[in-house]
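Colleague: File input_17.cif below, mmCIF, C-alpha atoms:
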```
data_data
loop_
_atom_site.group_PDB
_atom_site.id
_atom_site.type_symbol
_atom_site.label_atom_id
_atom_site.label_comp_id
_atom_site.auth_asym_id
_atom_site.auth_seq_id
_atom_site.Cartn_x
_atom_site.Cartn_y
_atom_site.Cartn_z
ATOM 1 C CA MET A 570 141.984 157.761 145.652
ATOM 2 C CA GLY A 571 139.020 160.086 145.379
ATOM 3 C CA MET A 572 140.560 161.975 142.492
ATOM 4 C CA ALA A 573 141.220 158.707 140.668
ATOM 5 C CA PHE A 574 137.626 157.568 141.214
ATOM 6 C CA ILE A 575 136.151 160.826 139.972
ATOM 7 C CA PHE A 576 138.486 160.818 136.960
ATOM 8 C CA ILE A 577 137.511 157.260 136.008
ATOM 9 C CA SER A 578 133.834 158.017 136.553
ATOM 10 C CA LEU A 579 134.027 161.064 134.315
ATOM 11 C CA ARG A 580 135.992 159.232 131.599
ATOM 12 C CA LEU A 581 133.522 156.317 131.573
ATOM 13 C CA ASN A 582 130.546 158.722 131.572
ATOM 14 C CA TRP A 583 129.162 157.296 134.811
ATOM 15 C CA ILE A 584 128.710 160.881 135.966
ATOM 16 C CA ARG A 585 128.513 164.052 133.937
ATOM 17 C CA LEU A 586 130.772 167.050 134.294
ATOM 18 C CA VAL A 587 127.852 169.417 134.859
ATOM 19 C CA HIS A 588 126.997 167.528 138.064
ATOM 20 C CA VAL A 589 130.414 168.186 139.636
ATOM 21 C CA LYS A 590 131.377 171.459 137.934
ATOM 22 C CA LYS A 591 130.100 173.816 140.640
ATOM 23 C CA ALA A 592 131.765 171.912 143.496
ATOM 24 C CA SER A 593 135.018 171.458 141.577
ATOM 25 C CA ASP A 594 135.234 175.172 140.739
ATOM 26 C CA PHE A 595 134.773 176.018 144.421
ATOM 27 C CA LEU A 596 137.456 173.529 145.520
ATOM 28 C CA LEU A 597 139.924 174.711 142.861
ATOM 29 C CA LYS A 598 139.424 178.297 143.989
ATOM 30 C CA TYR A 599 140.600 177.415 147.523
ATOM 31 C CA LEU A 600 143.059 174.621 146.662
ATOM 32 C CA ALA A 601 146.098 176.450 148.048
ATOM 33 C CA LEU A 602 144.313 176.960 151.355
ATOM 34 C CA PHE A 603 143.835 173.188 151.682
ATOM 35 C CA PHE A 604 147.466 172.289 150.947
ATOM 36 C CA VAL A 605 149.349 174.943 152.944
ATOM 37 C CA PRO A 606 148.713 173.379 156.401
ATOM 38 C CA TYR A 607 149.567 169.944 155.028
ATOM 39 C CA GLY A 608 152.850 171.188 153.554
ATOM 40 C CA VAL A 609 153.826 173.015 156.737
ATOM 41 C CA GLY A 610 153.115 169.881 158.755
ATOM 42 C CA LEU A 611 155.298 167.806 156.463
ATOM 43 C CA MET A 612 158.165 170.255 156.768
ATOM 44 C CA THR A 613 157.804 170.524 160.542
ATOM 45 C CA TYR A 614 157.615 166.778 161.242
ATOM 46 C CA TYR A 615 159.836 165.535 158.395
ATOM 47 C CA THR A 616 162.337 163.775 160.669
ATOM 48 C CA ILE A 617 159.592 161.970 162.599
ATOM 49 C CA ILE A 618 157.897 160.877 159.383
ATOM 50 C CA GLU A 619 161.221 159.790 157.884
ATOM 51 C CA ASN A 620 162.097 157.651 160.900
ATOM 52 C CA ASP A 621 158.667 155.982 161.079
ATOM 53 C CA LEU A 622 157.710 155.962 157.398
ATOM 54 C CA ILE A 623 156.387 152.387 157.339
ATOM 55 C CA ILE A 624 154.212 153.020 160.392
ATOM 56 C CA VAL A 625 152.848 156.285 158.990
ATOM 57 C CA VAL A 626 152.065 154.761 155.575
ATOM 58 C CA SER A 627 150.440 151.723 157.210
ATOM 59 C CA ALA A 628 148.293 153.942 159.426
ATOM 60 C CA VAL A 629 147.182 156.035 156.453
ATOM 61 C CA LEU A 630 146.288 152.976 154.368
ATOM 62 C CA ILE A 631 144.463 151.176 157.185
ATOM 63 C CA SER A 632 142.483 154.268 158.184
ATOM 64 C CA SER A 633 141.580 154.909 154.537
ATOM 65 C CA VAL A 634 140.242 151.368 154.129
ATOM 66 C CA ILE A 635 138.290 151.583 157.393
ATOM 67 C CA THR A 636 136.799 154.924 156.320
ATOM 68 C CA LEU A 637 135.883 153.557 152.890
ATOM 69 C CA TYR A 638 134.121 150.499 154.290
ATOM 70 C CA GLY A 639 132.505 152.460 157.110
ATOM 71 C CA THR A 640 131.089 154.999 154.684
ATOM 72 C CA ALA A 641 129.808 152.263 152.374
ATOM 73 C CA PHE A 642 128.201 150.447 155.330
ATOM 74 C CA LEU A 643 126.470 153.597 156.575
ATOM 75 C CA PHE A 644 125.347 154.498 153.068
ATOM 76 C CA GLN A 645 123.724 151.082 152.652
ATOM 77 C CA LYS A 646 122.093 151.293 156.097
ATOM 78 C CA PHE A 647 120.535 154.693 155.467
ATOM 79 C CA GLU A 648 119.613 154.083 151.863
#
```
Here is the file; what I need is its structure written in the form of structure tokens.

Modeller:
Amino acid sequence: MGMAFIFISLRLNWIRLVHVKKASDFLLKYLALFFVPYGVGLMTYYTIIENDLIIVVSAVLISSVITLYGTAFLFQKFE
């Protein structure tokens, strides 16, 4: 979701590339490091995830929504 938001924001010129260039270069440099543990976890627990796919997807979606709203709430409180 974050990648989609940043893409839309860049395409609509809500933010400029120079503002995110330094951070994006850093993240791209270490991208493989971020995805290796995730990939190993998927391979290790594939049968568990396959058996409980609906539960796993529901948990991911619900926790993402809670995180999104919690972050927005805290941002408004501290602004």

Colleague: Kindly give the distance, in Å, that separates CA of Lys598 (chain A) and CA of Thr613 (chain A), rounded to a single decimal.

Modeller: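 Rounded to one decimal, the two atoms are 25.9 Å apart.
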
Colleague: Work out how far CA of His588 (chain A) is from CA of Phe574 (chain A), in Å to one decimal.

Modeller: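 Those two atoms sit 14.9 Å apart.
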
Colleague: CA of Ile631 (chain A) to CA of Phe644 (chain A): how many Å, to one decimal?

Modeller: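 It comes out at 19.8 Å.
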
Colleague: Which one of A:Ile575, A:Gln645, A:Pro606, A:Leu630 sits closest to Lys590 (chain A) if you count all atoms listed in the file?

Modeller: A:Ile575

Colleague: Some atoms are absent from region 600-632 of chain A, so rebuild N, CA and C atoms and return them as a CSV table (one decimal), in the frame of the given file.

Modeller:
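File written: result.csv
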```csv
chain,number,residue,atom,x,y,z
A,600,LEU,N,142.1,175.8,146.6
A,600,LEU,CA,143.1,174.6,146.7
A,600,LEU,C,144.3,174.9,147.5
A,601,ALA,N,144.9,176.1,147.3
A,601,ALA,CA,146.1,176.4,148.0
A,601,ALA,C,145.8,176.5,149.6
A,602,LEU,N,144.7,176.9,149.9
A,602,LEU,CA,144.3,177.0,151.4
A,602,LEU,C,144.3,175.6,152.0
A,603,PHE,N,143.9,174.6,151.2
A,603,PHE,CA,143.8,173.2,151.7
A,603,PHE,C,145.2,172.6,151.8
A,604,PHE,N,146.2,172.9,151.0
A,604,PHE,CA,147.5,172.3,150.9
A,604,PHE,C,148.5,173.0,151.8
A,605,VAL,N,148.3,174.2,152.2
A,605,VAL,CA,149.3,174.9,152.9
A,605,VAL,C,149.5,174.3,154.3
A,606,PRO,N,148.5,174.0,155.1
A,606,PRO,CA,148.7,173.4,156.4
A,606,PRO,C,149.4,172.0,156.3
A,607,TYR,N,149.0,171.3,155.3
A,607,TYR,CA,149.6,169.9,155.0
A,607,TYR,C,151.1,170.1,154.7
A,608,GLY,N,151.4,171.0,153.9
A,608,GLY,CA,152.8,171.2,153.6
A,608,GLY,C,153.7,171.7,154.7
A,609,VAL,N,153.1,172.5,155.5
A,609,VAL,CA,153.8,173.0,156.7
A,609,VAL,C,154.0,171.9,157.7
A,610,GLY,N,153.0,171.0,157.9
A,610,GLY,CA,153.1,169.9,158.8
A,610,GLY,C,154.2,168.9,158.3
A,611,LEU,N,154.3,168.7,157.0
A,611,LEU,CA,155.3,167.8,156.5
A,611,LEU,C,156.7,168.4,156.7
A,612,MET,N,156.9,169.7,156.5
A,612,MET,CA,158.2,170.3,156.8
A,612,MET,C,158.5,170.2,158.3
A,613,THR,N,157.6,170.5,159.1
A,613,THR,CA,157.8,170.5,160.5
A,613,THR,C,158.2,169.2,161.1
A,614,TYR,N,157.4,168.1,160.7
A,614,TYR,CA,157.6,166.8,161.2
A,614,TYR,C,158.3,165.8,160.3
A,615,TYR,N,159.2,166.4,159.4
A,615,TYR,CA,159.8,165.5,158.4
A,615,TYR,C,160.7,164.4,159.0
A,616,THR,N,161.5,164.8,160.1
A,616,THR,CA,162.3,163.8,160.7
A,616,THR,C,161.5,162.7,161.3
A,617,ILE,N,160.4,163.0,162.0
A,617,ILE,CA,159.6,162.0,162.6
A,617,ILE,C,159.0,161.1,161.5
A,618,ILE,N,158.5,161.7,160.5
A,618,ILE,CA,157.9,160.9,159.4
A,618,ILE,C,159.0,160.0,158.7
A,619,GLU,N,160.1,160.5,158.5
A,619,GLU,CA,161.2,159.8,157.9
A,619,GLU,C,161.6,158.6,158.7
A,620,ASN,N,161.7,158.7,160.0
A,620,ASN,CA,162.1,157.7,160.9
A,620,ASN,C,161.0,156.6,161.0
A,621,ASP,N,159.8,156.9,160.9
A,621,ASP,CA,158.7,156.0,161.1
A,621,ASP,C,157.8,155.9,159.8
A,622,LEU,N,158.4,155.9,158.7
A,622,LEU,CA,157.7,156.0,157.4
A,622,LEU,C,156.8,154.8,157.2
A,623,ILE,N,157.2,153.6,157.5
A,623,ILE,CA,156.4,152.4,157.3
A,623,ILE,C,155.2,152.5,158.2
A,624,ILE,N,155.3,152.9,159.5
A,624,ILE,CA,154.2,153.0,160.4
A,624,ILE,C,153.2,154.1,159.9
A,625,VAL,N,153.7,155.2,159.5
A,625,VAL,CA,152.8,156.3,159.0
A,625,VAL,C,152.1,155.8,157.8
A,626,VAL,N,152.7,155.2,156.8
A,626,VAL,CA,152.1,154.8,155.6
A,626,VAL,C,151.0,153.7,155.9
A,627,SER,N,151.4,152.8,156.8
A,627,SER,CA,150.4,151.7,157.2
A,627,SER,C,149.2,152.3,157.9
A,628,ALA,N,149.4,153.3,158.7
A,628,ALA,CA,148.3,153.9,159.4
A,628,ALA,C,147.4,154.7,158.4
A,629,VAL,N,148.0,155.3,157.5
A,629,VAL,CA,147.2,156.0,156.5
A,629,VAL,C,146.4,155.0,155.6
A,630,LEU,N,147.0,154.0,155.2
A,630,LEU,CA,146.3,153.0,154.4
A,630,LEU,C,145.2,152.3,155.2
A,631,ILE,N,145.5,151.9,156.4
A,631,ILE,CA,144.5,151.2,157.2
A,631,ILE,C,143.3,152.1,157.5
A,632,SER,N,143.6,153.3,157.9
A,632,SER,CA,142.5,154.3,158.2
A,632,SER,C,141.7,154.6,156.9
```
